[in-house]
Amino acid sequence: MSQVASQMRSPRMGHRPVIPPVVNASPVRLPEALLERFRDAYLPDLSDAVGHLYTMSPVIRPLYSPSPRLLGQALTVKAPPGDNLTVHGALTMVQPGDVLVIDWRGYVEGCATGASSLAVPIKNGLRGAVVDGAWRDVGELRALGFPLFARCVAAFSPPKDRPGEINVPVSCGGVVVHPGDIVVGDEEGVVVVPRAWAERVADSLTAYRRPNSVDDFDLEKLRRGFEEKRVRFREIVEDYGGSVPA
């Protein structure tokens, strides 16, 4: 075996990649006042504002209900599936207002980490976590009121041998997330607001008041839209050669 080939092998992880792990510093923080503009935004309205490309797949869901509001800036992690060393590394870098966003390629046979690993980061200002994979200690994290979004729960704690990358663009729930992007989540799902568009997206949102009855909706406006949909549906059906009863 050549010297290069020997150097590219590790007794614990097989072939060692030529590309070294990347660990970047966190980007400049957004003003807290800007983040707070998303605090009470209705998440479906926010999803409409950013579009499908920035709304995570519904396989990424809160692991307990009711879920506290998730709001903060992305501290991104790209970890080798089945190894959570890089997750633990990222937790040592937490700044106030961070949300841990983990690209684990949907690995669900083990957990990204558990409650005891989050205690110090939570004290340091970690606001929540989103993982394209699994988590554990859900009961303990529910008691702490820590927002937690994942594919599922998995009790097994995997190895911690292979380094990945931190504060790089990642894919989580089908969405590309950059370090510092705004992450918002609740029982409706998870939405990502690219930091470069945060002001414009915030400006597009209107105040939201949860209705308590049908009469709380703007029924006159909705009736007009209802009639427009009825006409459009009839036109399309007829265009296809069908008919709609009067």
# chains A, B, ... in the order shown; residues from 1 in each chain; ligands from 1
$ select_by_dssp --residues "range 8-241 of chain A" --states "strand (DSSP E or B)" --output "number ranges by chain"
A: 9-10, 14-15, 23, 55, 61-62, 70-78, 98-111, 128-135, 148-150, 152-153, 165-166, 170-172, 175-177, 182-186, 189-193
$ write_last_selection --atoms "C-alpha atoms" --output "CSV table (one decimal), in the first residue's frame"
chain,number,residue,atom,x,y,z
A,9,ARG,CA,-7.3,5.1,5.8
A,10,SER,CA,-8.4,5.3,9.4
A,14,GLY,CA,-12.3,3.2,6.7
A,15,HIS,CA,-11.2,5.5,3.9
A,23,VAL,CA,-15.8,24.6,10.5
A,55,THR,CA,-40.9,25.4,3.6
A,61,ARG,CA,-42.4,17.8,12.7
A,62,PRO,CA,-42.5,18.8,16.3
A,70,LEU,CA,-39.2,28.1,17.4
A,71,LEU,CA,-37.4,31.3,16.3
A,72,GLY,CA,-33.8,32.0,15.8
A,73,GLN,CA,-30.8,32.0,13.4
A,74,ALA,CA,-29.4,28.8,11.9
A,75,LEU,CA,-26.3,27.2,13.3
A,76,THR,CA,-25.9,24.6,10.6
A,77,VAL,CA,-24.4,21.1,10.8
A,78,LYS,CA,-23.6,18.7,8.1
A,98,ASP,CA,-29.1,30.1,17.6
A,99,VAL,CA,-31.2,27.3,16.2
A,100,LEU,CA,-29.3,24.1,15.5
A,101,VAL,CA,-30.2,22.9,12.0
A,102,ILE,CA,-28.7,19.4,11.2
A,103,ASP,CA,-28.4,17.8,7.8
A,104,TRP,CA,-28.3,14.1,8.7
A,105,ARG,CA,-29.7,12.8,5.4
A,106,GLY,CA,-32.8,11.3,7.1
A,107,TYR,CA,-30.8,9.0,9.4
A,108,VAL,CA,-33.3,7.6,12.0
A,109,GLU,CA,-31.6,4.6,13.5
A,110,GLY,CA,-30.0,6.7,16.2
A,111,CYS,CA,-30.3,10.2,17.8
A,128,GLY,CA,-34.3,25.1,19.4
A,129,ALA,CA,-33.2,22.3,17.1
A,130,VAL,CA,-34.2,20.9,13.8
A,131,VAL,CA,-32.7,17.7,12.5
A,132,ASP,CA,-33.3,15.7,9.3
A,133,GLY,CA,-33.1,12.6,11.4
A,134,ALA,CA,-34.0,11.5,14.9
A,135,TRP,CA,-33.7,12.8,18.5
A,148,LEU,CA,-37.5,20.2,18.9
A,149,PHE,CA,-38.3,19.2,15.3
A,150,ALA,CA,-37.2,15.9,13.7
A,152,CYS,CA,-38.9,10.7,14.7
A,153,VAL,CA,-37.6,9.6,18.1
A,165,GLU,CA,-19.0,20.5,8.7
A,166,ILE,CA,-20.3,23.4,10.7
A,170,VAL,CA,-27.0,22.3,4.4
A,171,SER,CA,-30.1,20.5,3.3
A,172,CYS,CA,-32.8,19.9,6.0
A,175,VAL,CA,-34.7,23.1,2.1
A,176,VAL,CA,-31.2,24.6,1.6
A,177,VAL,CA,-30.4,26.4,4.8
A,182,ILE,CA,-34.0,32.7,10.2
A,183,VAL,CA,-35.8,29.5,11.2
A,184,VAL,CA,-39.4,29.6,12.4
A,185,GLY,CA,-41.4,26.6,13.5
A,186,ASP,CA,-44.5,25.5,15.4
A,189,GLY,CA,-44.2,23.0,10.5
A,190,VAL,CA,-40.8,24.7,9.8
A,191,VAL,CA,-40.1,27.6,7.5
A,192,VAL,CA,-36.7,29.1,6.6
A,193,VAL,CA,-36.4,32.9,5.8
$ select_by_dssp --residues "range 88-176 of chain A" --states "alpha helix (DSSP H)" --output "PyMOL selection string"
chain A and resi 88-91+115-123+138-144
$ closest_residue --among "A:Asn167, A:Leu141, A:Met93, A:Ser65" --to "Ala115 in chain A" --atoms "only C-alpha atoms"
A:Leu141
$ residues_around --residues "Ala143 in chain A" --least-positions-apart "6" --cutoff "12 Å" --atoms "only C-alpha atoms" --output "list in words"
Tyr64, Ser65, Pro66, Ser67, Pro68, Ala115 and Asp137 of chain A
$ closest_residue --among "A:Leu144, A:Thr86, A:Pro31, A:Ala198" --to "Ile122 in chain A" --atoms "only C-alpha atoms"
A:Leu144
$ closest_residue --among "A:Glu188, A:Leu91, A:Lys221, A:Leu30" --to "Pro44 in chain A" --atoms "only C-alpha atoms"
A:Glu188
